[in-house]
$ cat upload18.cif   # mmCIF, C-alpha atoms and all ligand atoms
data_final
#
loop_
_atom_site.label_atom_id
_atom_site.label_comp_id
_atom_site.auth_asym_id
_atom_site.auth_seq_id
_atom_site.Cartn_x
_atom_site.Cartn_y
_atom_site.Cartn_z
CA MET A 1 25.81 7.71 -7.90
CA THR A 2 24.53 10.09 -10.53
CA LEU A 3 23.11 13.54 -9.95
CA ASN A 4 19.62 12.05 -10.41
CA ASP A 5 19.80 9.48 -7.66
CA THR A 6 18.51 10.10 -4.20
CA THR A 7 21.24 8.88 -1.91
CA ARG A 8 20.24 6.35 0.67
CA GLY A 9 20.88 8.83 3.46
CA ASN A 10 18.17 11.15 2.12
CA ARG A 11 15.49 8.47 1.71
CA LEU A 12 12.70 7.66 4.14
CA HIS A 13 13.85 4.50 5.96
CA ILE A 14 11.09 1.94 6.43
CA GLY A 15 12.25 -0.95 8.64
CA LEU A 16 10.51 -4.34 8.95
CA PHE A 17 10.74 -6.01 12.32
CA GLY A 18 9.37 -9.30 13.62
CA ARG A 19 10.29 -12.79 14.68
CA ARG A 20 12.13 -15.21 12.49
CA ASN A 21 9.78 -16.59 9.82
CA ALA A 22 7.23 -13.83 10.43
CA GLY A 23 7.28 -13.07 6.71
CA LYS A 24 9.39 -9.88 6.74
CA SER A 25 11.42 -10.70 3.64
CA SER A 26 8.32 -11.90 1.77
CA LEU A 27 6.56 -8.62 2.60
CA ILE A 28 9.49 -6.54 1.32
CA ASN A 29 9.45 -8.53 -1.90
CA ALA A 30 5.69 -8.02 -2.25
CA LEU A 31 5.94 -4.29 -1.53
CA THR A 32 8.82 -3.73 -3.94
CA GLY A 33 7.47 -6.15 -6.54
CA GLN A 34 10.95 -7.64 -6.74
CA SER A 35 12.77 -10.57 -5.27
CA VAL A 36 15.22 -8.50 -3.24
CA ALA A 37 15.28 -10.52 -0.03
CA THR A 38 15.81 -14.25 0.36
CA VAL A 39 12.72 -16.05 1.60
CA SER A 40 12.65 -19.51 3.09
CA ALA A 41 10.79 -21.61 5.60
CA VAL A 42 14.00 -21.95 7.62
CA PRO A 43 13.90 -19.53 10.54
CA GLY A 44 16.87 -17.14 10.58
CA THR A 45 17.19 -16.76 6.81
CA THR A 46 17.89 -13.02 6.94
CA THR A 47 21.06 -12.30 8.89
CA ASP A 48 22.44 -8.81 8.23
CA PRO A 49 20.03 -5.98 7.39
CA VAL A 50 19.22 -5.79 3.67
CA TYR A 51 18.48 -2.38 2.13
CA LYS A 52 16.30 -1.89 -0.91
CA ALA A 53 15.80 1.58 -2.33
CA MET A 54 12.73 2.35 -4.41
CA GLU A 55 10.23 5.04 -5.31
CA LEU A 56 7.02 4.37 -3.37
CA HIS A 57 3.98 5.98 -4.99
CA GLY A 58 2.62 8.75 -2.78
CA VAL A 59 5.53 8.54 -0.36
CA GLY A 60 8.59 9.28 -2.53
CA PRO A 61 12.11 7.87 -2.38
CA VAL A 62 12.27 5.26 0.36
CA VAL A 63 14.60 2.50 1.45
CA PHE A 64 13.16 -0.67 2.94
CA ILE A 65 15.27 -2.40 5.57
CA ASP A 66 14.81 -6.13 5.98
CA THR A 67 16.10 -7.28 9.35
CA ALA A 68 16.98 -10.50 11.12
CA GLY A 69 14.29 -11.88 13.43
CA PHE A 70 14.47 -10.20 16.83
CA ASP A 71 13.98 -13.53 18.57
CA ASP A 72 17.23 -14.95 17.20
CA GLU A 73 19.24 -17.02 19.67
CA GLY A 74 22.79 -18.07 20.50
CA GLU A 75 25.98 -16.04 20.17
CA LEU A 76 25.55 -15.37 16.44
CA GLY A 77 21.88 -14.70 16.97
CA GLN A 78 22.72 -12.05 19.56
CA LEU A 79 25.00 -10.32 17.07
CA ARG A 80 22.16 -10.32 14.55
CA VAL A 81 19.77 -8.84 17.10
CA GLU A 82 22.31 -6.06 17.70
CA LYS A 83 22.29 -5.31 13.97
CA THR A 84 18.50 -5.24 14.08
CA GLU A 85 18.72 -2.79 16.98
CA GLN A 86 21.05 -0.62 14.89
CA ALA A 87 18.55 -0.73 12.04
CA ALA A 88 15.84 0.41 14.45
CA ARG A 89 17.86 3.55 15.21
CA GLU A 90 17.78 4.64 11.57
CA THR A 91 14.18 3.64 10.97
CA ASP A 92 11.81 6.53 10.17
CA ILE A 93 8.74 4.27 10.06
CA ALA A 94 8.65 0.74 11.50
CA LEU A 95 6.48 -2.11 10.26
CA LEU A 96 6.10 -4.47 13.22
CA LEU A 97 4.95 -7.94 12.20
CA PHE A 98 2.93 -10.08 14.60
CA SER A 99 3.03 -13.77 13.81
CA GLY A 100 1.76 -15.55 16.90
CA LEU A 101 -0.25 -15.20 20.08
CA ASP A 102 2.88 -15.04 22.21
CA MET A 103 3.64 -11.40 21.53
CA ALA A 104 5.89 -10.44 24.44
CA GLU A 105 8.86 -9.66 22.15
CA GLU A 106 6.70 -7.66 19.75
CA LEU A 107 5.29 -5.57 22.62
CA LYS A 108 8.82 -4.92 23.88
CA TRP A 109 9.82 -3.60 20.45
CA LEU A 110 6.65 -1.56 20.18
CA ALA A 111 7.60 0.14 23.45
CA ILE A 112 11.10 0.85 22.08
CA PHE A 113 9.70 2.46 18.92
CA ARG A 114 7.19 4.48 20.89
CA ARG A 115 9.95 5.67 23.22
CA GLN A 116 12.08 6.84 20.31
CA LYS A 117 8.97 8.44 18.73
CA THR A 118 9.19 6.30 15.62
CA PRO A 119 5.80 5.82 13.93
CA VAL A 120 4.91 2.11 13.93
CA ILE A 121 2.47 0.24 11.73
CA LEU A 122 1.28 -3.02 13.26
CA VAL A 123 0.92 -5.86 10.78
CA VAL A 124 -0.50 -9.34 11.15
CA SER A 125 1.31 -11.29 8.46
CA CYS A 126 0.55 -14.42 6.43
CA THR A 127 -3.21 -13.98 6.92
CA ASP A 128 -4.00 -16.18 3.89
CA GLU A 129 -2.43 -19.13 5.66
CA ARG A 130 -4.21 -18.59 8.91
CA GLU A 131 -7.60 -17.29 7.72
CA ALA A 132 -9.70 -17.40 10.93
CA ALA A 133 -6.58 -17.53 13.10
CA GLY A 134 -5.44 -14.28 11.47
CA GLU A 135 -8.65 -12.59 12.66
CA ALA A 136 -8.12 -13.92 16.17
CA LEU A 137 -4.51 -12.73 16.20
CA ALA A 138 -5.56 -9.29 14.94
CA LYS A 139 -8.08 -9.04 17.79
CA ALA A 140 -5.45 -10.13 20.32
CA VAL A 141 -2.98 -7.54 18.97
CA GLU A 142 -5.63 -4.83 19.21
CA ALA A 143 -6.45 -5.84 22.76
CA ALA A 144 -2.78 -5.77 23.76
CA THR A 145 -1.78 -2.55 21.99
CA GLY A 146 -4.94 -0.50 21.55
CA VAL A 147 -4.24 -0.34 17.82
CA CYS A 148 -6.05 -2.27 15.11
CA PRO A 149 -3.34 -4.00 13.01
CA LEU A 150 -3.37 -4.33 9.24
CA GLN A 151 -3.82 -7.86 7.95
CA VAL A 152 -1.49 -8.63 5.12
CA SER A 153 -0.67 -11.57 2.91
CA ALA A 154 2.54 -11.27 0.95
CA VAL A 155 1.76 -14.44 -0.98
CA LYS A 156 -1.73 -13.40 -2.07
CA LYS A 157 -0.71 -9.72 -2.24
CA GLN A 158 -3.57 -8.74 0.04
CA GLY A 159 -3.51 -5.68 2.24
CA LEU A 160 -0.58 -4.08 0.39
CA GLU A 161 -2.51 -1.02 -0.83
CA GLU A 162 -3.87 -0.45 2.70
CA LEU A 163 -0.29 -0.67 3.97
CA ARG A 164 0.89 1.92 1.44
CA GLN A 165 -1.98 4.24 2.48
CA GLU A 166 -1.03 3.77 6.12
CA LEU A 167 2.60 4.64 5.33
CA ILE A 168 1.40 7.92 3.80
CA ARG A 169 -0.82 8.58 6.83
CA VAL A 170 1.91 8.10 9.42
CA LEU A 171 4.66 9.99 7.54
CA PRO A 172 6.35 12.08 10.25
CA GLU A 173 5.23 15.70 9.94
CA ASP A 174 8.77 16.99 10.17
CA TYR A 175 9.96 14.47 7.64
CA GLU A 176 10.37 17.06 4.85
CA GLN A 177 14.12 17.08 4.34
CA PRO A 178 15.52 20.42 5.45
CA SER A 179 17.44 22.29 2.80
CA ILE A 180 21.25 22.04 2.89
CA THR A 181 22.01 25.69 2.21
CA GLY A 182 18.88 27.09 3.89
CA ASP A 183 18.62 30.87 3.59
CA LEU A 184 22.30 31.44 2.82
CA CYS A 185 21.61 31.77 -0.91
CA GLN A 186 18.64 32.22 -3.19
CA ALA A 187 17.77 31.87 -6.87
CA GLY A 188 20.08 34.01 -8.98
CA ASP A 189 22.92 34.06 -6.42
CA LEU A 190 26.41 33.09 -7.44
CA VAL A 191 27.84 30.44 -5.12
CA LEU A 192 31.47 29.39 -5.25
CA LEU A 193 32.35 25.88 -4.14
CA VAL A 194 35.93 25.29 -3.07
CA MET A 195 36.63 21.60 -3.39
CA PRO A 196 40.18 20.42 -2.85
CA GLN A 197 40.52 17.25 -4.91
CA ASP A 198 42.92 15.52 -2.59
CA ILE A 199 43.56 11.88 -2.00
CA GLN A 200 40.23 11.52 -0.16
CA ALA A 201 38.14 12.18 -3.24
CA PRO A 202 38.04 8.95 -5.23
CA LYS A 203 39.53 9.41 -8.68
CA GLY A 204 36.97 10.67 -11.17
CA ARG A 205 34.31 11.34 -8.56
CA LEU A 206 33.17 14.04 -6.17
CA ILE A 207 32.40 13.19 -2.58
CA LEU A 208 28.74 13.04 -1.60
CA PRO A 209 28.35 16.29 0.38
CA GLN A 210 29.72 18.17 -2.65
CA VAL A 211 27.40 16.37 -5.07
CA GLN A 212 24.34 16.88 -2.88
CA THR A 213 25.08 20.57 -2.30
CA LEU A 214 25.73 21.17 -5.98
CA ARG A 215 22.47 19.48 -6.91
CA GLU A 216 20.54 21.61 -4.41
CA LEU A 217 22.11 24.83 -5.73
CA LEU A 218 21.09 23.92 -9.28
CA ASP A 219 17.55 23.09 -8.11
CA LYS A 220 17.37 26.42 -6.29
CA GLY A 221 18.31 28.34 -9.43
CA CYS A 222 21.67 29.51 -8.10
CA GLN A 223 24.71 29.78 -10.32
CA ALA A 224 27.28 27.37 -8.96
CA LEU A 225 30.96 27.73 -9.73
CA CYS A 226 33.56 25.22 -8.56
CA CYS A 227 37.30 25.48 -8.09
CA THR A 228 40.09 23.85 -6.15
CA THR A 229 41.78 25.71 -3.29
CA ASP A 230 44.83 26.63 -5.34
CA ARG A 231 42.61 28.23 -8.02
CA LEU A 232 40.53 30.30 -5.60
CA GLN A 233 42.43 33.56 -5.91
CA ASP A 234 42.47 33.36 -9.69
CA THR A 235 38.78 32.41 -9.82
CA LEU A 236 37.76 35.35 -7.62
CA ALA A 237 39.87 37.73 -9.73
CA ARG A 238 37.96 36.72 -12.86
CA LEU A 239 34.55 37.50 -11.39
CA LYS A 240 32.87 40.86 -12.05
CA GLU A 241 31.11 40.68 -8.68
CA PRO A 242 32.04 38.71 -5.58
CA PRO A 243 29.96 35.58 -4.93
CA GLN A 244 27.12 35.71 -2.39
CA LEU A 245 28.48 32.62 -0.69
CA ILE A 246 31.62 30.48 -0.63
CA ILE A 247 31.20 26.89 0.49
CA THR A 248 34.53 25.24 1.16
CA ASP A 249 35.72 21.92 2.37
CA SER A 250 36.35 22.48 6.11
CA GLN A 251 39.95 21.33 5.65
CA ALA A 252 40.59 24.40 3.49
CA PHE A 253 39.04 26.97 5.89
CA LYS A 254 42.47 28.29 6.79
CA GLU A 255 43.48 29.00 3.19
CA VAL A 256 40.07 30.22 2.03
CA TYR A 257 39.23 32.57 4.89
CA PRO A 258 41.91 35.22 4.16
CA LEU A 259 40.88 35.32 0.47
CA LYS A 260 37.15 35.76 1.12
CA PRO A 261 35.89 39.07 -0.35
CA GLN A 262 34.23 41.37 2.15
CA GLY A 263 30.48 40.85 2.12
CA THR A 264 30.76 37.28 0.84
CA LEU A 265 29.50 34.67 3.28
CA LEU A 266 31.74 31.72 4.06
CA THR A 267 30.69 28.29 5.25
CA SER A 268 31.71 24.69 4.75
CA PHE A 269 30.03 21.53 3.54
CA SER A 270 30.12 19.92 6.94
CA VAL A 271 28.91 23.07 8.75
CA LEU A 272 25.89 22.94 6.41
CA PHE A 273 25.49 19.23 7.15
CA ALA A 274 25.45 19.97 10.87
CA ALA A 275 21.96 21.39 10.37
CA PHE A 276 20.93 19.16 7.45
CA LYS A 277 21.69 15.87 9.16
CA GLY A 278 22.07 16.74 12.80
CA ASP A 279 21.19 19.25 15.49
CA MET A 280 22.88 22.62 15.01
CA ASP A 281 22.20 23.86 18.56
CA CYS A 282 23.76 20.75 20.06
CA PHE A 283 26.73 20.85 17.67
CA LEU A 284 27.40 24.56 18.30
CA ALA A 285 27.34 24.03 22.03
CA GLY A 286 29.69 21.09 21.49
CA ALA A 287 32.12 23.24 19.46
CA GLU A 288 32.21 25.71 22.33
CA LYS A 289 32.88 22.89 24.81
CA LEU A 290 35.69 21.62 22.61
CA LEU A 291 37.65 24.80 23.24
CA GLN A 292 37.44 24.24 26.99
CA LEU A 293 38.92 20.73 26.91
CA LYS A 294 42.10 19.97 28.78
CA GLU A 295 44.94 17.88 27.44
CA SER A 296 43.80 14.93 29.54
CA ALA A 297 40.49 14.76 27.64
CA HIS A 298 39.20 11.67 25.86
CA ILE A 299 37.68 12.38 22.43
CA LEU A 300 35.65 10.09 20.19
CA ILE A 301 35.70 10.79 16.46
CA ALA A 302 32.80 9.12 14.63
CA GLU A 303 32.99 8.79 10.89
CA ALA A 304 30.11 7.37 8.87
CA CYS A 305 32.33 6.18 6.01
CA THR A 306 33.95 2.80 6.41
CA HIS A 307 36.58 3.20 3.71
CA LYS A 308 40.12 2.09 4.43
CA PRO A 309 42.09 4.81 6.20
CA LEU A 310 43.88 7.00 3.70
CA GLN A 311 47.18 8.75 4.15
CA GLU A 312 45.87 12.24 4.88
CA ASP A 313 42.47 11.17 6.11
CA ILE A 314 40.57 13.97 7.85
CA GLY A 315 39.07 11.90 10.69
CA ARG A 316 42.13 9.82 11.39
CA VAL A 317 44.98 12.20 10.66
CA LYS A 318 44.15 15.85 10.01
CA LEU A 319 41.56 16.45 12.73
CA PRO A 320 43.52 14.61 15.45
CA ARG A 321 46.62 16.60 14.41
CA LEU A 322 44.75 19.90 14.70
CA LEU A 323 43.20 18.87 18.03
CA ARG A 324 46.59 17.96 19.47
CA LYS A 325 48.12 21.17 18.18
CA LYS A 326 45.43 23.35 19.76
CA ILE A 327 44.66 21.40 22.92
CA GLY A 328 47.74 19.31 23.65
CA ASP A 329 49.68 16.23 22.65
CA GLY A 330 48.31 14.18 25.54
CA LEU A 331 44.76 13.98 24.13
CA GLN A 332 43.33 10.50 23.95
CA ILE A 333 41.49 10.12 20.65
CA ASP A 334 39.43 7.08 19.65
CA ILE A 335 37.90 6.62 16.23
CA VAL A 336 34.82 4.60 15.22
CA SER A 337 33.45 4.24 11.72
CA GLY A 338 30.29 3.13 9.94
CA LYS A 339 27.37 2.12 12.12
CA ASP A 340 29.64 1.32 15.09
CA PHE A 341 28.92 3.68 17.94
CA PRO A 342 29.41 2.85 21.62
CA GLU A 343 26.27 2.61 23.74
CA ASP A 344 28.17 3.77 26.80
CA LEU A 345 29.61 7.21 26.10
CA SER A 346 30.44 8.03 29.69
CA GLY A 347 34.20 7.71 29.17
CA PHE A 348 34.28 10.47 26.55
CA ASP A 349 34.52 14.22 27.03
CA ILE A 350 33.19 14.98 23.56
CA ILE A 351 32.04 13.27 20.36
CA ILE A 352 33.07 14.80 17.02
CA HIS A 353 30.97 13.45 14.15
CA CYS A 354 31.59 13.69 10.42
CA GLY A 355 29.01 15.38 8.17
CA ALA A 356 27.15 12.04 8.01
CA CYS A 357 26.09 12.39 4.39
CA MET A 358 25.79 8.59 4.19
CA PHE A 359 23.41 8.39 7.16
CA ASN A 360 19.84 9.46 7.41
CA ARG A 361 18.94 12.25 9.81
CA LYS A 362 17.15 9.87 12.16
CA LEU A 363 20.34 7.93 12.85
CA VAL A 364 22.39 11.07 13.58
CA LEU A 365 19.62 12.39 15.83
CA SER A 366 19.55 9.07 17.71
CA ARG A 367 23.26 9.63 18.44
CA VAL A 368 22.57 13.23 19.49
CA LYS A 369 19.90 11.90 21.85
CA ALA A 370 22.28 9.32 23.31
CA CYS A 371 24.88 12.06 23.91
CA ARG A 372 22.30 14.34 25.53
CA GLU A 373 21.02 11.58 27.81
CA GLN A 374 24.56 10.77 28.93
CA GLY A 375 25.61 14.40 29.27
CA VAL A 376 28.38 14.15 26.66
CA PRO A 377 28.79 17.13 24.28
CA MET A 378 28.70 16.44 20.54
CA THR A 379 29.81 18.50 17.56
CA ASN A 380 30.78 17.87 13.97
CA TYR A 381 33.91 18.14 11.84
CA GLY A 382 33.13 21.52 10.24
CA LEU A 383 32.19 23.28 13.46
CA ALA A 384 35.08 21.67 15.33
CA ILE A 385 37.63 22.80 12.72
CA ALA A 386 36.16 26.33 12.57
CA ALA A 387 36.27 26.54 16.39
CA LEU A 388 39.85 25.25 16.57
CA LEU A 389 40.93 27.77 13.90
CA GLY A 390 39.20 30.58 15.81
CA ILE A 391 36.83 31.48 12.96
CA LEU A 392 33.58 29.94 14.21
CA SER A 393 31.95 33.33 14.81
CA ARG A 394 32.76 34.32 11.22
CA VAL A 395 31.34 31.22 9.59
CA ALA A 396 27.88 31.61 8.05
CA LEU A 397 25.24 29.29 9.48
CA PRO A 398 22.02 28.48 7.62
CA ASP A 399 18.55 29.72 8.56
CA GLY A 400 19.34 32.97 10.23
CA ARG A 401 21.44 31.39 12.93
CA LYS A 402 24.23 33.31 14.50
CA TYR A 403 27.01 31.90 16.55
CA ALA A 404 26.67 33.51 19.91
CA LYS A 405 29.07 32.59 22.66
CA MET A 406 27.12 30.22 24.83
N1 LIG B 501 1.11 -18.50 3.18
C1 LIG B 501 1.96 -17.54 3.34
N2 LIG B 501 3.23 -17.80 3.64
C2 LIG B 501 4.09 -16.79 3.79
C3 LIG B 501 3.69 -15.43 3.66
N3 LIG B 501 4.76 -14.63 3.88
C4 LIG B 501 5.80 -15.48 4.11
N4 LIG B 501 5.40 -16.76 4.05
C5 LIG B 501 6.22 -17.96 4.23
O1 LIG B 501 6.80 -17.90 5.55
C6 LIG B 501 8.14 -18.38 5.53
C7 LIG B 501 9.08 -17.32 6.09
O2 LIG B 501 9.05 -16.18 5.24
P1 LIG B 501 10.22 -15.09 5.21
O3 LIG B 501 9.70 -13.99 4.38
O4 LIG B 501 11.50 -15.72 4.83
O5 LIG B 501 10.22 -14.71 6.75
P2 LIG B 501 11.26 -13.75 7.53
O6 LIG B 501 10.48 -13.02 8.56
O7 LIG B 501 12.01 -12.92 6.55
O8 LIG B 501 12.19 -14.81 8.23
P3 LIG B 501 13.73 -14.66 8.73
O9 LIG B 501 14.52 -14.06 7.63
O10 LIG B 501 14.11 -16.06 9.04
O11 LIG B 501 13.71 -13.82 9.97
C8 LIG B 501 8.43 -18.74 4.08
O12 LIG B 501 8.25 -20.12 3.91
C9 LIG B 501 7.42 -17.96 3.29
O13 LIG B 501 7.08 -18.57 2.07
C10 LIG B 501 2.32 -15.15 3.37
O14 LIG B 501 1.85 -14.03 3.25
N5 LIG B 501 1.50 -16.26 3.23
S1 LIG B 502 33.14 10.93 6.17
FE1 LIG B 502 31.01 11.42 6.66
S2 LIG B 502 30.60 13.35 5.62
FE2 LIG B 502 32.48 12.53 4.74
S3 LIG B 502 31.79 11.43 2.93
FE3 LIG B 502 31.85 9.94 4.63
S4 LIG B 502 29.78 9.97 5.52
FE4 LIG B 502 29.98 11.77 4.21
MG MG B 503 13.99 -12.76 6.23
#
$ encode --input "upload18.cif" --output "structure tokens" --more "lines below"
Ligand SMILES: Nc1nc2c(ncn2[C@@H]2O[C@H](COP(=O)(O)OP(=O)(O)OP(=O)(O)O)[C@@H](O)[C@H]2O)c(=O)[nH]1
Ligand code: SF4
Ligand SMILES: [Mg+2]
Amino acid sequence: MTLNDTTRGNRLHIGLFGRRNAGKSSLINALTGQSVATVSAVPGTTTDPVYKAMELHGVGPVVFIDTAGFDDEGELGQLRVEKTEQAARETDIALLLFSGLDMAEELKWLAIFRRQKTPVILVVSCTDEREAAGEALAKAVEAATGVCPLQVSAVKKQGLEELRQELIRVLPEDYEQPSITGDLCQAGDLVLLVMPQDIQAPKGRLILPQVQTLRELLDKGCQALCCTTDRLQDTLARLKEPPQLIITDSQAFKEVYPLKPQGTLLTSFSVLFAAFKGDMDCFLAGAEKLLQLKESAHILIAEACTHKPLQEDIGRVKLPRLLRKKIGDGLQIDIVSGKDFPEDLSGFDIIIHCGACMFNRKLVLSRVKACREQGVPMTNYGLAIAALLGILSRVALPDGRKYAKM
């Protein structure tokens, strides 16, 4: 990605849901003005979710998610429905397509979206084909749901502007992306980023949390200075005044903390992402719980990246090593990556999540909700590492938060 791109994780996710052949892919193509999704009269054309990022006038950077029909059948069909369910968890606004008078499935999904407080726009699709039948279906949908659906034809490009207006109308109020660095720095502040360029950072590139933070600092009017861990001492010595804030990779907390000038705040990329992508209160409480775990505990590490495990990988090697060192060798540690996340969390004593820069906030919050409902604590890499190193109370948290022993 370039510094100009909005990463997928920071875009409004608009998911399209409906039966096979409801016209989901055709509607995405009509909305984006491009042929991004395969359309055919054969039911079950779309299998895995398809993502299409674009700039939607009046809404901003969005990503449309085309999904497999939720009425898919058979063993493979069931797997596709599971992927559609996953897509629903990251959907900020759902477009629910009604394509027939038997609407039991659609009503079931409407109830799911309403339960997870996802705004839903009801759409009667292919109205050009049905003409009068489209009217009748719209009336039936209104009678069953209490909401008047939009009537849309992807082929004739009718109803698209009304749909865009409706998307603007239902935009979640709290959708405004929170800031990454919050009140920890302001325009004119010097911020030092400590970024160890180890094997995890792909050659020639910076990892996403670093890029996103750097971009925000530039937008804020801060002066951003970067160095690797081994250059930190030298970099600080060259400065006339200490920086307002040091943001380090959590893995380097131990080396950076003793070098931090007095009065300079210290935090890490993934501590910042705990608030940006997740729920800081939940993650702080989770970090506290982590310190109370016994050696017999069962821990789940969830990493959003699906890259092949690397030698000194944080989620697979460094964090488990630190956990075992601080809590005990007997710890049972499982690791999941990407969108995989168990529905049943009851066997785990804690979930430790990565910064989730690749995910949108909605998806992380759906995991937080699942943990809360099942009474399993959850924290993230940065807070977990700070807690295990005993420096959590000295790490700066955004937006006036203080770590208070809970
Ligand atoms: N007349 C008319 N036909 C449409 C319209 N939208 C889609 N179709 C047709 O309906 C069929 C299914 O369209 P798709 O867009 O592939 O439907 P889908 O919901 O993505 O289907 P799956 O991927 O199988 O779940 C195709 O033959 C389309 O040409 C529309 O607005 N009007
Ligand atoms: S592991 Fe998580 S925080 Fe790190 S780059 Fe991947 S998605 Fe982002
Ligand atoms: Mg399709």
$ residues_around --input "upload18.cif" --residues "region 289-297 of chain A" --least-positions-apart "2" --cutoff "8 Å" --atoms "all atoms listed in the file" --output "VMD selection string"
chain A and resid 285 to 287 299 327 to 332 348 to 350 377 384 387 to 388
$ residues_near_ligand --input "upload18.cif" --ligand "ligand LIG 502 (chain B)" --cutoff "10 Å" --atoms "only C-alpha atoms and all ligand atoms" --output "MDAnalysis selection string"
chainID A and resid 9 200:201 206:210 269:270 273:274 277 302:307 313:315 337:338 353:359 380:382
$ residues_near_ligand --input "upload18.cif" --ligand "ligand LIG 501 (chain B)" --cutoff "10 Å" --atoms "all atoms listed in the file" --output "mmCIF file with C-alpha atoms, keeping the file's coordinate frame"
data_model
loop_
_atom_site.group_PDB
_atom_site.id
_atom_site.type_symbol
_atom_site.label_atom_id
_atom_site.label_comp_id
_atom_site.auth_asym_id
_atom_site.auth_seq_id
_atom_site.Cartn_x
_atom_site.Cartn_y
_atom_site.Cartn_z
ATOM 1 C CA LEU A 16 10.510 -4.340 8.950
ATOM 2 C CA PHE A 17 10.740 -6.010 12.320
ATOM 3 C CA GLY A 18 9.370 -9.300 13.620
ATOM 4 C CA ARG A 19 10.290 -12.790 14.680
ATOM 5 C CA ARG A 20 12.130 -15.210 12.490
ATOM 6 C CA ASN A 21 9.780 -16.590 9.820
ATOM 7 C CA ALA A 22 7.230 -13.830 10.430
ATOM 8 C CA GLY A 23 7.280 -13.070 6.710
ATOM 9 C CA LYS A 24 9.390 -9.880 6.740
ATOM 10 C CA SER A 25 11.420 -10.700 3.640
ATOM 11 C CA SER A 26 8.320 -11.900 1.770
ATOM 12 C CA LEU A 27 6.560 -8.620 2.600
ATOM 13 C CA ILE A 28 9.490 -6.540 1.320
ATOM 14 C CA ASN A 29 9.450 -8.530 -1.900
ATOM 15 C CA ALA A 30 5.690 -8.020 -2.250
ATOM 16 C CA ALA A 37 15.280 -10.520 -0.030
ATOM 17 C CA THR A 38 15.810 -14.250 0.360
ATOM 18 C CA VAL A 39 12.720 -16.050 1.600
ATOM 19 C CA SER A 40 12.650 -19.510 3.090
ATOM 20 C CA ALA A 41 10.790 -21.610 5.600
ATOM 21 C CA VAL A 42 14.000 -21.950 7.620
ATOM 22 C CA PRO A 43 13.900 -19.530 10.540
ATOM 23 C CA GLY A 44 16.870 -17.140 10.580
ATOM 24 C CA THR A 45 17.190 -16.760 6.810
ATOM 25 C CA THR A 46 17.890 -13.020 6.940
ATOM 26 C CA THR A 47 21.060 -12.300 8.890
ATOM 27 C CA ASP A 48 22.440 -8.810 8.230
ATOM 28 C CA PRO A 49 20.030 -5.980 7.390
ATOM 29 C CA ASP A 66 14.810 -6.130 5.980
ATOM 30 C CA THR A 67 16.100 -7.280 9.350
ATOM 31 C CA ALA A 68 16.980 -10.500 11.120
ATOM 32 C CA GLY A 69 14.290 -11.880 13.430
ATOM 33 C CA PHE A 70 14.470 -10.200 16.830
ATOM 34 C CA ASP A 71 13.980 -13.530 18.570
ATOM 35 C CA ASP A 72 17.230 -14.950 17.200
ATOM 36 C CA LEU A 97 4.950 -7.940 12.200
ATOM 37 C CA SER A 99 3.030 -13.770 13.810
ATOM 38 C CA VAL A 124 -0.500 -9.340 11.150
ATOM 39 C CA SER A 125 1.310 -11.290 8.460
ATOM 40 C CA CYS A 126 0.550 -14.420 6.430
ATOM 41 C CA THR A 127 -3.210 -13.980 6.920
ATOM 42 C CA ASP A 128 -4.000 -16.180 3.890
ATOM 43 C CA GLU A 129 -2.430 -19.130 5.660
ATOM 44 C CA ARG A 130 -4.210 -18.590 8.910
ATOM 45 C CA GLU A 131 -7.600 -17.290 7.720
ATOM 46 C CA GLN A 151 -3.820 -7.860 7.950
ATOM 47 C CA VAL A 152 -1.490 -8.630 5.120
ATOM 48 C CA SER A 153 -0.670 -11.570 2.910
ATOM 49 C CA ALA A 154 2.540 -11.270 0.950
ATOM 50 C CA VAL A 155 1.760 -14.440 -0.980
ATOM 51 C CA LYS A 156 -1.730 -13.400 -2.070
ATOM 52 C CA LYS A 157 -0.710 -9.720 -2.240
ATOM 53 C CA GLN A 158 -3.570 -8.740 0.040
ATOM 54 C CA GLY A 159 -3.510 -5.680 2.240
#
$ closest_residue --input "upload18.cif" --among "A:Glu85, A:Glu55, A:Asp279, A:Glu73" --to "Glu343 (chain A)" --atoms "only C-alpha atoms"
A:Glu85
$ atom_distance --input "upload18.cif" --atom1 "CA of Gly33 (chain A)" --atom2 "CA of Leu110 (chain A)"
27.1 Å
$ residues_around --input "upload18.cif" --residues "Asn10 (chain A)" --least-positions-apart "5" --cutoff "8 Å" --atoms "only C-alpha atoms" --output "number ranges by chain"
A: 177, 359-361
$ axis_aligned_box --input "upload18.cif" --around "region 377-391 of chain A" --padding-each-side "8 Å" --output "JSON"
{"center_x": 34.8, "center_y": 24.0, "center_z": 17.3, "size_x": 28.2, "size_y": 31.0, "size_z": 30.0}
$ closest_residue --input "upload18.cif" --among "A:Phe98, A:Lys117, A:Gln197, A:Ile112" --to "Ala144 (chain A)" --atoms "all atoms listed in the file"
A:Phe98
